[in-house]
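Peer 1: Got a file for you: query15.cif, mmCIF, C-alpha atoms and all ligand atoms.
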data_data
#
loop_
_atom_site.label_atom_id
_atom_site.label_comp_id
_atom_site.auth_asym_id
_atom_site.auth_seq_id
_atom_site.Cartn_x
_atom_site.Cartn_y
_atom_site.Cartn_z
CA MET A 1144 49.41 -57.13 51.64
CA LYS A 1145 52.64 -55.10 51.59
CA ARG A 1146 50.60 -51.93 51.49
CA LEU A 1147 48.52 -53.12 54.38
CA ILE A 1148 51.62 -53.77 56.49
CA THR A 1149 53.04 -50.32 55.62
CA LEU A 1150 49.74 -48.71 56.57
CA PHE A 1151 49.68 -50.61 59.83
CA LEU A 1152 53.27 -49.58 60.62
CA MET A 1153 52.53 -45.94 59.79
CA ALA A 1154 49.50 -45.92 62.03
CA THR A 1155 51.44 -47.48 64.92
CA LEU A 1156 54.34 -45.06 64.49
CA SER A 1157 52.14 -41.98 64.36
CA PHE A 1158 50.36 -43.21 67.48
CA CYS A 1159 53.70 -43.64 69.27
CA SER A 1160 54.97 -40.16 68.44
CA TYR A 1161 51.62 -38.71 69.50
CA ALA A 1162 51.70 -40.61 72.77
CA SER A 1163 55.21 -39.40 73.53
CA GLU A 1164 53.95 -35.79 73.71
CA ASP A 1165 50.74 -36.51 75.47
CA MET A 1166 50.53 -35.84 79.18
CA ALA A 1167 47.51 -36.59 81.32
CA LEU A 1168 45.08 -33.65 81.42
CA GLN A 1169 44.72 -31.61 84.59
CA GLU A 1170 41.26 -31.00 85.93
CA ALA A 1171 39.63 -27.56 85.81
CA ASP A 1172 37.14 -26.58 88.49
CA ILE A 1173 34.15 -25.27 86.55
CA ASP A 1174 31.33 -23.38 88.26
CA LEU A 1175 29.15 -21.27 85.97
CA SER A 1176 27.18 -19.91 88.92
CA ASP A 1177 30.32 -18.26 90.34
CA SER A 1178 29.84 -14.72 89.04
CA GLU A 1179 33.04 -13.41 90.66
CA SER A 1180 35.14 -16.05 88.91
CA LEU A 1181 33.43 -15.34 85.56
CA GLN A 1182 34.08 -11.61 85.95
CA ARG A 1183 37.76 -12.20 86.75
CA GLY A 1184 38.00 -14.62 83.82
CA ALA A 1185 36.44 -12.09 81.43
CA LYS A 1186 38.89 -9.42 82.60
CA HIS A 1187 41.88 -11.78 82.14
CA TYR A 1188 40.54 -12.61 78.68
CA VAL A 1189 40.31 -8.98 77.61
CA ASP A 1190 43.79 -8.23 79.03
CA ASN A 1191 45.63 -11.29 77.70
CA CYS A 1192 43.77 -12.90 74.79
CA LEU A 1193 41.56 -10.38 72.98
CA GLY A 1194 44.59 -8.87 71.25
CA CYS A 1195 44.59 -11.98 69.05
CA HIS A 1196 41.36 -13.98 69.59
CA SER A 1197 37.86 -12.57 69.02
CA LEU A 1198 34.73 -13.82 70.78
CA LYS A 1199 32.17 -12.86 68.15
CA HIS A 1200 29.26 -14.70 69.74
CA ILE A 1201 29.05 -12.63 72.86
CA ARG A 1202 28.33 -9.00 73.72
CA TYR A 1203 29.26 -7.13 76.88
CA GLN A 1204 25.55 -6.60 77.55
CA ARG A 1205 24.97 -10.35 77.64
CA MET A 1206 27.74 -10.71 80.23
CA ALA A 1207 26.14 -8.03 82.42
CA LEU A 1208 22.87 -9.96 82.28
CA ASP A 1209 24.38 -13.38 82.97
CA PHE A 1210 26.84 -12.22 85.64
CA GLU A 1211 24.00 -10.20 87.23
CA ILE A 1212 25.99 -6.97 87.35
CA ASP A 1213 25.45 -3.45 86.05
CA ASP A 1214 26.24 -2.48 82.46
CA LYS A 1215 28.46 0.24 83.91
CA LYS A 1216 30.51 -2.24 85.93
CA VAL A 1217 31.11 -4.36 82.82
CA LEU A 1218 32.29 -1.32 80.86
CA LYS A 1219 34.50 -0.10 83.70
CA ASP A 1220 36.00 -3.37 84.96
CA ILE A 1221 36.00 -5.72 81.97
CA ALA A 1222 35.57 -4.09 78.54
CA ILE A 1223 38.35 -2.54 76.50
CA GLU A 1224 38.49 1.24 76.55
CA GLY A 1225 35.98 2.97 74.32
CA ALA A 1226 33.74 -0.12 73.94
CA THR A 1227 29.96 0.19 74.16
CA ILE A 1228 27.74 -2.28 75.98
CA TYR A 1229 26.38 -3.58 72.63
CA ASP A 1230 29.84 -4.48 71.28
CA GLN A 1231 30.93 -8.02 70.58
CA LEU A 1232 34.46 -8.91 71.60
CA HIS A 1233 36.35 -8.25 68.38
CA SER A 1234 40.10 -8.65 68.24
CA ALA A 1235 42.01 -5.72 66.79
CA MET A 1236 44.42 -8.08 65.01
CA ASN A 1237 44.06 -8.04 61.25
CA SER A 1238 44.21 -11.41 59.55
CA HIS A 1239 47.04 -10.44 57.21
CA ASP A 1240 49.36 -9.54 60.13
CA ALA A 1241 48.35 -12.67 62.03
CA GLU A 1242 49.31 -14.92 59.09
CA LYS A 1243 52.61 -13.08 58.72
CA TRP A 1244 53.56 -13.32 62.39
CA PHE A 1245 52.28 -16.73 63.41
CA GLY A 1246 51.76 -18.52 60.10
CA VAL A 1247 48.20 -19.30 61.31
CA GLN A 1248 45.13 -17.29 62.18
CA PRO A 1249 44.35 -17.15 65.92
CA PRO A 1250 40.86 -18.71 65.87
CA ASP A 1251 37.71 -17.16 67.36
CA LEU A 1252 37.31 -18.83 70.75
CA SER A 1253 33.50 -18.54 71.17
CA LEU A 1254 32.99 -22.30 70.98
CA ILE A 1255 36.36 -23.52 72.21
CA GLY A 1256 34.98 -24.47 75.64
CA ARG A 1257 32.67 -26.93 73.93
CA SER A 1258 35.01 -28.24 71.25
CA ARG A 1259 38.11 -28.76 73.41
CA GLY A 1260 36.56 -29.12 76.86
CA ALA A 1261 37.52 -27.46 80.15
CA ASP A 1262 40.31 -29.86 81.20
CA TRP A 1263 42.06 -29.60 77.85
CA LEU A 1264 41.94 -25.78 77.97
CA TYR A 1265 43.24 -25.73 81.53
CA SER A 1266 46.10 -28.08 80.66
CA TYR A 1267 46.86 -26.15 77.46
CA LEU A 1268 47.11 -22.78 79.20
CA LYS A 1269 49.37 -24.31 81.85
CA GLY A 1270 51.31 -26.40 79.35
CA PHE A 1271 53.68 -23.93 77.65
CA TYR A 1272 57.36 -24.72 78.06
CA VAL A 1273 60.65 -23.44 76.69
CA ASP A 1274 61.71 -25.20 73.50
CA LYS A 1275 64.55 -23.43 71.71
CA THR A 1276 64.13 -25.61 68.62
CA LYS A 1277 60.78 -23.96 67.80
CA PRO A 1278 60.39 -20.66 65.92
CA LEU A 1279 58.56 -19.02 68.86
CA GLY A 1280 60.89 -20.59 71.42
CA THR A 1281 57.96 -22.39 73.00
CA ASN A 1282 56.09 -25.68 72.82
CA ASN A 1283 53.07 -27.12 74.59
CA THR A 1284 52.39 -30.40 76.36
CA VAL A 1285 48.91 -30.90 74.86
CA PHE A 1286 49.32 -28.99 71.56
CA LYS A 1287 52.55 -30.09 69.95
CA ASP A 1288 54.37 -27.42 67.88
CA VAL A 1289 51.75 -24.84 68.76
CA GLY A 1290 51.77 -21.59 66.75
CA MET A 1291 50.76 -19.45 69.74
CA PRO A 1292 53.43 -17.60 71.71
CA ASN A 1293 53.54 -18.14 75.48
CA VAL A 1294 51.58 -15.09 76.62
CA PHE A 1295 52.06 -15.96 80.30
CA TRP A 1296 55.85 -15.96 80.51
CA GLN A 1297 55.87 -12.85 82.67
CA LEU A 1298 53.07 -13.96 84.98
CA GLN A 1299 53.75 -17.67 85.28
CA GLY A 1300 57.49 -17.57 84.57
CA GLN A 1301 59.32 -19.96 82.25
CA GLN A 1302 58.65 -23.68 82.47
CA LYS A 1303 61.09 -26.43 81.52
CA PRO A 1304 60.24 -30.07 80.90
CA VAL A 1305 61.52 -32.99 82.95
CA PHE A 1306 61.81 -36.11 80.79
CA HIS A 1307 61.62 -39.79 81.63
CA LEU A 1308 61.90 -42.91 79.53
CA VAL A 1309 58.78 -44.87 78.66
CA ASP A 1310 59.27 -47.93 76.44
CA GLY A 1311 62.60 -46.54 75.26
CA GLN A 1312 61.04 -43.19 74.33
CA GLN A 1313 61.66 -39.85 75.97
CA GLN A 1314 58.44 -38.53 77.41
CA ILE A 1315 57.68 -35.39 79.35
CA GLU A 1316 57.01 -36.40 82.93
CA LYS A 1317 56.22 -32.92 84.25
CA LEU A 1318 57.00 -29.23 83.85
CA VAL A 1319 58.91 -27.25 86.44
CA ILE A 1320 59.27 -23.50 86.82
CA ALA A 1321 62.82 -22.63 85.80
CA GLU A 1322 62.42 -18.86 86.14
CA PRO A 1323 59.67 -17.62 88.43
CA GLY A 1324 57.13 -15.07 87.20
CA LYS A 1325 55.13 -12.36 88.96
CA LEU A 1326 52.46 -14.74 90.26
CA SER A 1327 52.79 -17.61 92.72
CA GLU A 1328 51.77 -21.04 91.48
CA GLN A 1329 48.41 -20.84 93.30
CA GLU A 1330 47.68 -17.36 91.97
CA PHE A 1331 48.46 -18.49 88.43
CA ASP A 1332 46.30 -21.63 88.76
CA LEU A 1333 43.39 -19.50 89.95
CA MET A 1334 43.85 -17.10 87.04
CA VAL A 1335 43.87 -19.92 84.48
CA ASN A 1336 40.89 -21.60 86.14
CA ASP A 1337 38.89 -18.34 86.00
CA LEU A 1338 39.83 -17.96 82.32
CA VAL A 1339 38.66 -21.49 81.52
CA ASN A 1340 35.46 -20.99 83.54
CA PHE A 1341 34.77 -17.89 81.44
CA LEU A 1342 35.49 -19.70 78.14
CA VAL A 1343 33.14 -22.55 79.10
CA TYR A 1344 30.47 -19.96 79.94
CA VAL A 1345 30.96 -18.22 76.57
CA GLY A 1346 30.10 -21.48 74.82
CA GLU A 1347 26.89 -21.80 76.87
CA PRO A 1348 24.86 -18.70 75.86
CA VAL A 1349 25.29 -19.81 72.26
CA GLN A 1350 23.85 -23.17 73.18
CA MET A 1351 21.05 -21.51 75.13
CA GLU A 1352 20.20 -19.44 72.08
CA ARG A 1353 20.08 -22.58 69.95
CA HIS A 1354 17.65 -24.14 72.41
CA ARG A 1355 15.44 -21.06 72.29
CA LEU A 1356 15.46 -21.21 68.50
CA GLY A 1357 14.64 -24.92 68.65
CA LYS A 1358 11.53 -24.14 70.70
CA TYR A 1359 10.35 -21.61 68.10
CA VAL A 1360 10.82 -24.19 65.36
CA LEU A 1361 8.77 -26.78 67.27
CA PHE A 1362 6.07 -24.19 67.97
CA PHE A 1363 5.95 -23.26 64.29
CA LEU A 1364 5.69 -26.92 63.26
CA LEU A 1365 2.83 -27.44 65.70
CA ILE A 1366 0.86 -24.44 64.38
CA PHE A 1367 1.64 -25.45 60.83
CA SER A 1368 0.34 -29.00 61.32
CA VAL A 1369 -2.92 -27.66 62.82
CA ILE A 1370 -3.38 -25.40 59.78
CA ALA A 1371 -2.50 -28.28 57.41
CA TYR A 1372 -5.03 -30.53 59.15
CA LYS A 1373 -7.78 -27.90 58.93
CA LEU A 1374 -6.99 -27.30 55.26
CA LYS A 1375 -7.13 -31.00 54.52
CA LYS A 1376 -10.54 -31.24 56.18
CA GLU A 1377 -11.72 -28.24 54.19
CA TYR A 1378 -10.64 -29.79 50.84
CA TRP A 1379 -12.12 -33.18 51.56
CA LYS A 1380 -15.41 -31.60 52.54
CA ASP A 1381 -15.83 -30.34 48.95
CA ILE A 1382 -14.87 -33.66 47.40
CA ASP A 1383 -17.28 -35.67 49.59
C1 LIG B 1401 49.88 -12.98 70.19
C2 LIG B 1401 48.66 -13.62 69.74
C3 LIG B 1401 47.94 -14.53 70.69
C4 LIG B 1401 47.52 -14.26 71.98
C5 LIG B 1401 47.71 -12.98 72.77
C6 LIG B 1401 46.82 -15.44 72.44
N1 LIG B 1401 46.80 -16.40 71.45
FE1 LIG B 1401 45.88 -18.19 71.55
N2 LIG B 1401 46.54 -18.64 69.68
C7 LIG B 1401 47.27 -17.80 68.87
C8 LIG B 1401 47.57 -18.50 67.62
C9 LIG B 1401 48.35 -17.93 66.45
C10 LIG B 1401 46.96 -19.77 67.70
C11 LIG B 1401 46.93 -20.88 66.66
C12 LIG B 1401 47.95 -21.90 67.04
C13 LIG B 1401 48.06 -23.07 66.07
O1 LIG B 1401 47.07 -23.44 65.43
O2 LIG B 1401 49.17 -23.62 65.98
C14 LIG B 1401 46.32 -19.83 69.03
C15 LIG B 1401 45.64 -20.95 69.50
C16 LIG B 1401 44.93 -20.97 70.69
C17 LIG B 1401 44.12 -22.09 71.15
C18 LIG B 1401 43.96 -23.42 70.44
C19 LIG B 1401 42.83 -23.34 69.48
C20 LIG B 1401 42.59 -24.68 68.80
O3 LIG B 1401 43.00 -24.81 67.65
O4 LIG B 1401 42.00 -25.54 69.43
C21 LIG B 1401 43.56 -21.70 72.34
C22 LIG B 1401 42.62 -22.53 73.21
C23 LIG B 1401 44.03 -20.38 72.64
N3 LIG B 1401 44.86 -19.96 71.62
C24 LIG B 1401 43.70 -19.69 73.77
C25 LIG B 1401 44.22 -18.45 74.11
C26 LIG B 1401 43.92 -17.77 75.34
C27 LIG B 1401 42.94 -18.25 76.42
C28 LIG B 1401 44.65 -16.62 75.34
C29 LIG B 1401 44.75 -15.61 76.44
C30 LIG B 1401 45.25 -16.07 77.70
C31 LIG B 1401 45.39 -16.58 74.09
N4 LIG B 1401 45.11 -17.71 73.37
C32 LIG B 1401 46.23 -15.55 73.70
C33 LIG B 1401 47.69 -16.54 69.16
C34 LIG B 1401 47.48 -15.89 70.37
#
Go through the file and emit its structure as structure tokens.
Peer 2:
Amino acid sequence: MKRLITLFLMATLSFCSYASEDMALQEADIDLSDSESLQRGAKHYVDNCLGCHSLKHIRYQRMALDFEIDDKKVLKDIAIEGATIYDQLHSAMNSHDAEKWFGVQPPDLSLIGRSRGADWLYSYLKGFYVDKTKPLGTNNTVFKDVGMPNVFWQLQGQQKPVFHLVDGQQQIEKLVIAEPGKLSEQEFDLMVNDLVNFLVYVGEPVQMERHRLGKYVLFFLLIFSVIAYKLKKEYWKDID
């Protein structure tokens, strides 16, 4: 019984500390038919994220096809210098350095749109704030003690939290810009929204490929059952 009470207390406490960091998610505006937004998102990704995070499930050629633009435009406006249209988006970061610098590997983000969801990603990318107690000097409203540096500090500026008391606990009420960056708030929101739109898209072709594969499997099963049925008839003919 004692153990049960301890367990119950631990569960309640861990829930409380989790809740104290959790802010409501902000909504992303996702539109996978908006080619311009996807192109801008892809460009922002290559400029700001590819240094650390690969997207191994997608090639530039696939983007050209899905965004309905020329291969040449993809290579000129989106891809890193020297890339070919058949390249996947590999990060140049080697895993040894990554572990040394951040203590964790920056994960491949091919499926992040599906696993975390658009609103989480949008809130995460807008949720970095100054926290001097952390090794990287930054924390995040939806990913407590995050191991990723704030890559937007120059564009968005530096955000500081405003706290309020909820049930005797300090909770972040909102973030405010303490030092402005190069972009206005609207410009930054649009940039992050385009990035999230792109990441949601990246998760989709993978799903589309799975569906295509699924159809082949069904087709194979159908053919196979016809053959099996014919074979069965053939065998029974001899026995009769
Ligand atoms: C300097 C390296 C670096 C750059 C640049 C960077 N990240 Fe990260 N990112 C990391 C590391 C390291 C982690 C792992 C954090 C952890 O697990 O604590 C991470 C984690 C994440 C996660 C959370 C993954 C999860 O576990 O669910 C997302 C989403 C993400 N990054 C998106 C981005 C996006 C989008 C960009 C570009 C705007 C970007 N990152 C740029 C290093 C980087």
Peer 1: Report as an MDAnalysis selection string which protein, DNA and RNA residues come within 9 Å of ligand LIG 1401 (chain B), using all atoms listed in the file.
Peer 2: chainID A and resid 1187:1196 1236 1241:1242 1244:1252 1255:1256 1258:1259 1263:1265 1267:1268 1286:1295 1335 1338:1339 1342
Peer 1: Have a look at atom CA of A:Met1166 and atom CA of A:Gly1324 and let me know their distance in Å, one decimal.
Peer 2: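 A separation of 23.2 Å between them.
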Peer 1: Please identify all polymer residues within 8 Å of A:Val1273, counting only C-alpha atoms, omitting same-chain residues fewer than 3 positions from it, and present them as a ChimeraX atom specification.
Peer 2: /A:1280-1282,1301-1304
Peer 1: Do a neighbour search on A:Ser1327 at 12 Å with all atoms listed in the file, toss out local chain neighbours closer than 6 positions, and write the hits as JSON, numbers by chain.
Peer 2: {"A": [1297, 1298, 1299, 1300, 1320, 1333, 1334]}
Peer 1: Might you pull out every residue within 6 Å of A:Gly1270, with all atoms listed in the file counted and same-chain residues fewer than 4 positions away left off, and present them as a PyMOL selection string?
Peer 2: chain A and resi 1266+1283-1284
Peer 1: From the list A:Asn1237, A:Val1319, A:Ile1201, A:Tyr1372, which residue is nearest A:Val1305 when using only C-alpha atoms?
Peer 2: A:Val1319
